[in-house]
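Have a look at the structure below before the remarks.
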Amino acid sequence: MNENQSANVLVCVTDQLSCERLIRAGAALAQKYGVPVRVLSVLPEGLVSPQTSKVLQSLYDIASSLGAEMTFYFNNEPALTAAVHASQTGAIHLVSGTPGTNSNLFIETIKGLMPELPLSVVDADGKLFTFPAVSQITYPSVR
């Protein structure tokens with residue numbers, strides 16, 4: 001385990017103020033696990049506007065007030081970036097928002113890349129729904 005890696009709950013947010021509920025839910029979950037919470041934002045390359053900056057600063061302030069480290073990436077592959085970051089930082093649980101009607105398959109991709117990682121989604125009312133980890137199937141060797 002490298003020095004940047006310690007068990008944590010990783011919360012994935014976008015550039016919406018409503019993501020505050022995700023950070024708070026992730027912090028509560030991290031407290032139950034007895035590990036720190038980390039926050040990750042992966043936005044499309046080139047998406048920097050005064051409004052985006054303002055929202056991200058607000059989310060950063062909320063994360064900081066809860067003792068969470070927040071990391072930002074600008075990348076056009078958010079699920080892959082989040083999976084790599086989760087792996088590199090030792091995430092033991094991932095928290096995200098519920099997919100919208102125009103879902104980009106973020107949750108499905110994360111679960112496909114990291115089936116051993118429990119993933120929770122937080123709906124607009126703040127309810128947490130968890131997809132448990134899927135243990136890997138081991139097949140007997142064929143002789």
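Every chain in the structure tokens takes a letter, A first, then B, and so on in the order presented; its residues are numbered from 1, and the ligands are numbered from 1 following the presented order.
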task = Write down as a PyMOL selection string the residues belonging to chain A that are assigned helix (DSSP H, G or I) by DSSP computed on the backbone.
result = chain A and resi 17-33+50-65+78-89+106-113
Would you mind exporting N, CA and C atoms of the selected residues as a short mmCIF file (atom, residue, chain, number, x, y, z; two decimals), in the first residue's frame?
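The new file part_28.cif reads:
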data_model
loop_
_atom_site.label_atom_id
_atom_site.label_comp_id
_atom_site.auth_asym_id
_atom_site.auth_seq_id
_atom_site.Cartn_x
_atom_site.Cartn_y
_atom_site.Cartn_z
N LEU A 17 -24.61 21.99 -6.74
CA LEU A 17 -24.68 22.21 -5.29
C LEU A 17 -25.44 21.10 -4.57
N SER A 18 -26.37 20.45 -5.27
CA SER A 18 -27.13 19.37 -4.64
C SER A 18 -26.23 18.18 -4.26
N CYS A 19 -25.00 18.16 -4.73
CA CYS A 19 -24.06 17.09 -4.36
C CYS A 19 -23.65 17.17 -2.89
N GLU A 20 -24.04 18.24 -2.22
CA GLU A 20 -23.77 18.34 -0.78
C GLU A 20 -24.34 17.12 -0.06
N ARG A 21 -25.54 16.66 -0.48
CA ARG A 21 -26.16 15.51 0.17
C ARG A 21 -25.31 14.26 0.01
N LEU A 22 -24.59 14.14 -1.09
CA LEU A 22 -23.72 12.99 -1.32
C LEU A 22 -22.53 13.02 -0.36
N ILE A 23 -21.96 14.20 -0.21
CA ILE A 23 -20.80 14.36 0.68
C ILE A 23 -21.21 14.04 2.12
N ARG A 24 -22.35 14.55 2.54
CA ARG A 24 -22.81 14.30 3.91
C ARG A 24 -23.14 12.81 4.12
N ALA A 25 -23.75 12.18 3.14
CA ALA A 25 -24.05 10.74 3.25
C ALA A 25 -22.76 9.93 3.29
N GLY A 26 -21.79 10.31 2.46
CA GLY A 26 -20.50 9.62 2.46
C GLY A 26 -19.77 9.79 3.77
N ALA A 27 -19.85 10.98 4.35
CA ALA A 27 -19.20 11.23 5.64
C ALA A 27 -19.83 10.38 6.74
N ALA A 28 -21.15 10.24 6.71
CA ALA A 28 -21.83 9.41 7.70
C ALA A 28 -21.44 7.94 7.54
N LEU A 29 -21.36 7.50 6.31
CA LEU A 29 -20.95 6.12 6.03
C LEU A 29 -19.51 5.89 6.47
N ALA A 30 -18.63 6.84 6.18
CA ALA A 30 -17.23 6.73 6.60
C ALA A 30 -17.12 6.65 8.11
N GLN A 31 -17.95 7.41 8.80
CA GLN A 31 -17.93 7.38 10.27
C GLN A 31 -18.31 5.99 10.77
N LYS A 32 -19.29 5.35 10.12
CA LYS A 32 -19.69 4.00 10.52
C LYS A 32 -18.55 3.01 10.30
N TYR A 33 -17.81 3.17 9.22
CA TYR A 33 -16.67 2.31 8.93
C TYR A 33 -15.45 2.65 9.80
N PRO A 50 -17.11 30.33 -14.57
CA PRO A 50 -17.23 30.95 -13.25
C PRO A 50 -18.26 30.23 -12.37
N GLN A 51 -19.36 29.78 -12.95
CA GLN A 51 -20.39 29.06 -12.17
C GLN A 51 -19.85 27.73 -11.67
N THR A 52 -19.16 26.99 -12.54
CA THR A 52 -18.58 25.71 -12.14
C THR A 52 -17.59 25.91 -11.01
N SER A 53 -16.74 26.91 -11.15
CA SER A 53 -15.74 27.19 -10.12
C SER A 53 -16.40 27.52 -8.78
N LYS A 54 -17.47 28.31 -8.84
CA LYS A 54 -18.18 28.70 -7.63
C LYS A 54 -18.80 27.49 -6.93
N VAL A 55 -19.42 26.61 -7.70
CA VAL A 55 -20.04 25.41 -7.12
C VAL A 55 -18.98 24.49 -6.55
N LEU A 56 -17.90 24.26 -7.30
CA LEU A 56 -16.84 23.38 -6.81
C LEU A 56 -16.19 23.93 -5.55
N GLN A 57 -16.06 25.25 -5.46
CA GLN A 57 -15.51 25.85 -4.24
C GLN A 57 -16.44 25.60 -3.05
N SER A 58 -17.75 25.72 -3.29
CA SER A 58 -18.73 25.44 -2.23
C SER A 58 -18.65 23.99 -1.77
N LEU A 59 -18.56 23.07 -2.72
CA LEU A 59 -18.46 21.65 -2.37
C LEU A 59 -17.14 21.36 -1.66
N TYR A 60 -16.08 22.01 -2.10
CA TYR A 60 -14.79 21.87 -1.44
C TYR A 60 -14.89 22.34 0.02
N ASP A 61 -15.56 23.48 0.24
CA ASP A 61 -15.72 24.01 1.60
C ASP A 61 -16.52 23.05 2.48
N ILE A 62 -17.57 22.45 1.90
CA ILE A 62 -18.38 21.48 2.65
C ILE A 62 -17.53 20.26 2.99
N ALA A 63 -16.81 19.75 1.99
CA ALA A 63 -15.94 18.58 2.22
C ALA A 63 -14.91 18.90 3.31
N SER A 64 -14.28 20.04 3.21
CA SER A 64 -13.27 20.44 4.20
C SER A 64 -13.85 20.53 5.60
N SER A 65 -15.07 21.05 5.69
CA SER A 65 -15.70 21.19 7.02
C SER A 65 -15.96 19.82 7.66
N PRO A 78 -15.18 9.78 -16.97
CA PRO A 78 -15.36 9.90 -15.52
C PRO A 78 -15.37 8.57 -14.77
N ALA A 79 -16.02 7.55 -15.29
CA ALA A 79 -16.09 6.27 -14.57
C ALA A 79 -14.72 5.62 -14.49
N LEU A 80 -13.99 5.61 -15.58
CA LEU A 80 -12.64 5.03 -15.57
C LEU A 80 -11.72 5.80 -14.64
N THR A 81 -11.80 7.13 -14.69
CA THR A 81 -10.98 7.97 -13.82
C THR A 81 -11.32 7.72 -12.35
N ALA A 82 -12.61 7.63 -12.05
CA ALA A 82 -13.03 7.37 -10.67
C ALA A 82 -12.57 5.99 -10.20
N ALA A 83 -12.66 4.99 -11.06
CA ALA A 83 -12.23 3.64 -10.69
C ALA A 83 -10.73 3.60 -10.41
N VAL A 84 -9.94 4.24 -11.25
CA VAL A 84 -8.50 4.28 -11.03
C VAL A 84 -8.19 5.01 -9.73
N HIS A 85 -8.84 6.15 -9.51
CA HIS A 85 -8.62 6.93 -8.30
C HIS A 85 -9.02 6.11 -7.06
N ALA A 86 -10.16 5.44 -7.13
CA ALA A 86 -10.63 4.62 -6.01
C ALA A 86 -9.61 3.53 -5.69
N SER A 87 -9.10 2.91 -6.71
CA SER A 87 -8.10 1.85 -6.51
C SER A 87 -6.81 2.40 -5.92
N GLN A 88 -6.36 3.51 -6.45
CA GLN A 88 -5.10 4.11 -5.99
C GLN A 88 -5.17 4.65 -4.57
N THR A 89 -6.35 5.04 -4.14
CA THR A 89 -6.48 5.66 -2.81
C THR A 89 -7.01 4.70 -1.75
N PHE A 106 -22.39 5.67 -15.64
CA PHE A 106 -21.31 5.81 -14.66
C PHE A 106 -21.33 4.66 -13.65
N ILE A 107 -22.47 4.42 -13.04
CA ILE A 107 -22.57 3.40 -11.99
C ILE A 107 -22.34 2.01 -12.56
N GLU A 108 -22.95 1.72 -13.71
CA GLU A 108 -22.78 0.42 -14.32
C GLU A 108 -21.31 0.18 -14.68
N THR A 109 -20.64 1.20 -15.16
CA THR A 109 -19.23 1.06 -15.53
C THR A 109 -18.37 0.83 -14.31
N ILE A 110 -18.60 1.59 -13.24
CA ILE A 110 -17.84 1.41 -12.00
C ILE A 110 -18.04 -0.01 -11.47
N LYS A 111 -19.29 -0.48 -11.43
CA LYS A 111 -19.55 -1.84 -10.93
C LYS A 111 -18.88 -2.89 -11.82
N GLY A 112 -18.81 -2.63 -13.11
CA GLY A 112 -18.14 -3.57 -14.01
C GLY A 112 -16.63 -3.59 -13.80
N LEU A 113 -16.07 -2.41 -13.54
CA LEU A 113 -14.62 -2.30 -13.34
C LEU A 113 -14.19 -2.73 -11.94
#
request  = Pick out the residues sitting within 8 Å of A:Val122, and hand them over as a list in words; count only C-alpha atoms, and ignore anything fewer than 5 positions along from it in its own chain.
outcome  = Arg21, Leu22, Ala25, Val95, Ser96, Gly97, Thr98, Lys127, Leu128 and Phe129 of chain A
Write the residues you've just listed into a file as a short mmCIF file (atom, residue, chain, number, x, y, z; two decimals), in the first residue's frame, and include all heavy atoms for each of them.
data_model
loop_
_atom_site.label_atom_id
_atom_site.label_comp_id
_atom_site.auth_asym_id
_atom_site.auth_seq_id
_atom_site.Cartn_x
_atom_site.Cartn_y
_atom_site.Cartn_z
N ARG A 21 -25.54 16.66 -0.48
CA ARG A 21 -26.16 15.51 0.17
C ARG A 21 -25.31 14.26 0.01
O ARG A 21 -25.28 13.40 0.89
CB ARG A 21 -27.58 15.29 -0.35
CG ARG A 21 -27.67 14.66 -1.71
CD ARG A 21 -29.11 14.58 -2.24
NE ARG A 21 -29.19 13.79 -3.43
CZ ARG A 21 -28.74 14.15 -4.63
NH1 ARG A 21 -28.18 15.33 -4.81
NH2 ARG A 21 -28.85 13.34 -5.68
N LEU A 22 -24.59 14.14 -1.09
CA LEU A 22 -23.72 12.99 -1.32
C LEU A 22 -22.53 13.02 -0.36
O LEU A 22 -22.16 12.00 0.22
CB LEU A 22 -23.19 12.97 -2.75
CG LEU A 22 -24.21 13.07 -3.89
CD1 LEU A 22 -23.50 13.05 -5.23
CD2 LEU A 22 -25.25 11.98 -3.79
N ALA A 25 -23.75 12.18 3.14
CA ALA A 25 -24.05 10.74 3.25
C ALA A 25 -22.76 9.93 3.29
O ALA A 25 -22.64 8.98 4.08
CB ALA A 25 -24.93 10.29 2.07
N VAL A 95 -19.61 6.28 -3.11
CA VAL A 95 -20.93 6.92 -3.01
C VAL A 95 -21.10 7.84 -4.22
O VAL A 95 -20.19 8.58 -4.59
CB VAL A 95 -21.06 7.74 -1.71
CG1 VAL A 95 -22.39 8.48 -1.66
CG2 VAL A 95 -20.90 6.84 -0.48
N SER A 96 -22.29 7.80 -4.82
CA SER A 96 -22.59 8.62 -5.99
C SER A 96 -24.05 9.05 -5.92
O SER A 96 -24.81 8.56 -5.09
CB SER A 96 -22.34 7.79 -7.27
OG SER A 96 -22.63 8.54 -8.42
N GLY A 97 -24.42 9.92 -6.82
CA GLY A 97 -25.82 10.30 -6.94
C GLY A 97 -26.55 9.29 -7.81
O GLY A 97 -25.93 8.42 -8.43
N THR A 98 -27.87 9.38 -7.84
CA THR A 98 -28.64 8.48 -8.70
C THR A 98 -28.50 8.94 -10.14
O THR A 98 -28.45 10.14 -10.41
CB THR A 98 -30.12 8.45 -8.30
OG1 THR A 98 -30.61 9.79 -8.27
CG2 THR A 98 -30.33 7.80 -6.95
N LYS A 127 -31.92 9.52 0.55
CA LYS A 127 -31.95 8.10 0.90
C LYS A 127 -30.78 7.39 0.23
O LYS A 127 -30.47 7.63 -0.93
CB LYS A 127 -33.25 7.44 0.43
CG LYS A 127 -34.42 7.74 1.29
CD LYS A 127 -35.60 6.90 0.85
CE LYS A 127 -36.77 7.10 1.78
NZ LYS A 127 -37.92 6.29 1.37
N LEU A 128 -30.17 6.47 0.98
CA LEU A 128 -28.99 5.74 0.52
C LEU A 128 -29.42 4.34 0.08
O LEU A 128 -30.09 3.63 0.83
CB LEU A 128 -28.00 5.64 1.67
CG LEU A 128 -26.59 5.23 1.36
CD1 LEU A 128 -25.85 6.36 0.65
CD2 LEU A 128 -25.86 4.90 2.66
N PHE A 129 -29.05 3.96 -1.14
CA PHE A 129 -29.33 2.63 -1.68
C PHE A 129 -27.98 2.00 -2.01
O PHE A 129 -27.20 2.59 -2.76
CB PHE A 129 -30.21 2.70 -2.92
CG PHE A 129 -31.54 3.32 -2.66
CD1 PHE A 129 -31.74 4.69 -2.84
CD2 PHE A 129 -32.61 2.55 -2.23
CE1 PHE A 129 -32.97 5.27 -2.59
CE2 PHE A 129 -33.85 3.12 -1.97
CZ PHE A 129 -34.03 4.48 -2.15
#
request  = Would you kindly return, as number ranges by chain, each protein, DNA or RNA residue with an atom no farther than 9 Å from any atom of A:Leu43, considering only C-alpha atoms and excluding same-chain residues fewer than 6 positions away?
outcome  = A: 14-15, 72-78
Take the selection from the previous step and output its residues with N, CA and C atoms, as a JSON list (two decimals), in the first residue's frame.
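Heads up, here's the output in selection14.json:
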[["chain", "number", "residue", "atom", "x", "y", "z"],
["A", 14, "THR", "N", -20.50, 15.91, -8.93],
["A", 14, "THR", "CA", -20.43, 16.71, -10.15],
["A", 14, "THR", "C", -20.35, 18.17, -9.75],
["A", 15, "ASP", "N", -20.66, 19.04, -10.66],
["A", 15, "ASP", "CA", -20.61, 20.48, -10.38],
["A", 15, "ASP", "C", -21.99, 21.03, -10.04],
["A", 72, "PHE", "N", -9.86, 16.91, -7.79],
["A", 72, "PHE", "CA", -10.53, 17.30, -9.03],
["A", 72, "PHE", "C", -9.75, 16.75, -10.22],
["A", 73, "TYR", "N", -10.48, 16.21, -11.18],
["A", 73, "TYR", "CA", -9.90, 15.80, -12.46],
["A", 73, "TYR", "C", -10.77, 16.37, -13.57],
["A", 74, "PHE", "N", -10.13, 16.72, -14.66],
["A", 74, "PHE", "CA", -10.86, 17.10, -15.87],
["A", 74, "PHE", "C", -10.51, 16.05, -16.90],
["A", 75, "ASN", "N", -11.48, 15.17, -17.18],
["A", 75, "ASN", "CA", -11.25, 14.02, -18.02],
["A", 75, "ASN", "C", -12.58, 13.62, -18.64],
["A", 76, "ASN", "N", -12.54, 13.12, -19.86],
["A", 76, "ASN", "CA", -13.77, 12.74, -20.55],
["A", 76, "ASN", "C", -14.21, 11.30, -20.27],
["A", 77, "GLU", "N", -13.50, 10.61, -19.37],
["A", 77, "GLU", "CA", -13.86, 9.24, -18.97],
["A", 77, "GLU", "C", -14.07, 9.21, -17.46],
["A", 78, "PRO", "N", -15.18, 9.78, -16.97],
["A", 78, "PRO", "CA", -15.36, 9.90, -15.52],
["A", 78, "PRO", "C", -15.37, 8.57, -14.77]]
inquiry  = Run DSSP on the backbone and tell me which residues of stretch 42-103 of chain A come out as strand (DSSP E); list them as an MDAnalysis selection string.
reply    = chainID A and resid 42:43 69:74 91:97
Keeping N, CA and C atoms, export the residues of the selection given above as an mmCIF file, in the first residue's frame.
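The result, stored in selection-v9.cif:
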data_model
loop_
_atom_site.group_PDB
_atom_site.id
_atom_site.type_symbol
_atom_site.label_atom_id
_atom_site.label_comp_id
_atom_site.auth_asym_id
_atom_site.auth_seq_id
_atom_site.Cartn_x
_atom_site.Cartn_y
_atom_site.Cartn_z
ATOM 1 N N VAL A 42 -14.951 14.491 -11.186
ATOM 2 C CA VAL A 42 -14.386 14.297 -12.523
ATOM 3 C C VAL A 42 -15.334 14.970 -13.501
ATOM 4 N N LEU A 43 -14.864 16.045 -14.091
ATOM 5 C CA LEU A 43 -15.675 16.799 -15.035
ATOM 6 C C LEU A 43 -15.053 16.724 -16.420
ATOM 7 N N GLU A 69 -10.746 15.225 2.202
ATOM 8 C CA GLU A 69 -9.870 15.689 1.128
ATOM 9 C C GLU A 69 -10.691 15.642 -0.153
ATOM 10 N N MET A 70 -10.518 16.645 -1.029
ATOM 11 C CA MET A 70 -11.257 16.663 -2.295
ATOM 12 C C MET A 70 -10.279 16.763 -3.441
ATOM 13 N N THR A 71 -10.487 15.903 -4.448
ATOM 14 C CA THR A 71 -9.627 15.857 -5.628
ATOM 15 C C THR A 71 -10.462 16.184 -6.852
ATOM 16 N N PHE A 72 -9.858 16.914 -7.786
ATOM 17 C CA PHE A 72 -10.527 17.303 -9.029
ATOM 18 C C PHE A 72 -9.751 16.753 -10.217
ATOM 19 N N TYR A 73 -10.480 16.206 -11.180
ATOM 20 C CA TYR A 73 -9.902 15.805 -12.463
ATOM 21 C C TYR A 73 -10.766 16.373 -13.570
ATOM 22 N N PHE A 74 -10.135 16.722 -14.661
ATOM 23 C CA PHE A 74 -10.860 17.103 -15.868
ATOM 24 C C PHE A 74 -10.506 16.054 -16.904
ATOM 25 N N ALA A 91 -10.072 3.048 -1.658
ATOM 26 C CA ALA A 91 -11.501 3.169 -1.343
ATOM 27 C C ALA A 91 -12.088 1.807 -1.002
ATOM 28 N N ILE A 92 -12.902 1.775 0.051
ATOM 29 C CA ILE A 92 -13.577 0.537 0.445
ATOM 30 C C ILE A 92 -15.078 0.613 0.171
ATOM 31 N N HIS A 93 -15.548 1.794 -0.214
ATOM 32 C CA HIS A 93 -16.972 2.004 -0.520
ATOM 33 C C HIS A 93 -17.038 3.269 -1.371
ATOM 34 N N LEU A 94 -17.901 3.268 -2.375
ATOM 35 C CA LEU A 94 -18.060 4.432 -3.248
ATOM 36 C C LEU A 94 -19.480 4.962 -3.112
ATOM 37 N N VAL A 95 -19.615 6.279 -3.108
ATOM 38 C CA VAL A 95 -20.929 6.923 -3.012
ATOM 39 C C VAL A 95 -21.100 7.842 -4.217
ATOM 40 N N SER A 96 -22.294 7.795 -4.821
ATOM 41 C CA SER A 96 -22.594 8.616 -5.990
ATOM 42 C C SER A 96 -24.051 9.048 -5.922
ATOM 43 N N GLY A 97 -24.421 9.919 -6.822
ATOM 44 C CA GLY A 97 -25.823 10.302 -6.945
ATOM 45 C C GLY A 97 -26.552 9.289 -7.806
#
task = Calculate how many Å separate atom CA of A:Phe131 from atom CA of A:Pro44, rounding to one decimal.
result =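 Answer for the atom CA of A:Phe131 to atom CA of A:Pro44 separation: 26.0 Å.
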task = Could you tell me which of A:Pro118, A:Glu45, A:Val9, A:Asp123 comes closest to A:Pro99 if we count only C-alpha atoms?
result =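 Comparing A:Pro118, A:Glu45, A:Val9, A:Asp123 against A:Pro99, the winner is A:Asp123.
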query = How many Å separate atom CA of A:Gly67 from atom CA of A:Ser6?
reply =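 Computing it gives 14.8 Å between the two atoms.
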key: Nearest-residue call for A:Val13, choices A:Pro36, A:Val121, A:Gly46, A:Glu116, using only C-alpha atoms   =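 Going through A:Pro36, A:Val121, A:Gly46, A:Glu116 one by one, the smallest distance to A:Val13 is for A:Val121.
Pairwise distance (atom CA of A:Thr130, atom CA of A:Leu40) equals 18.7 Å.
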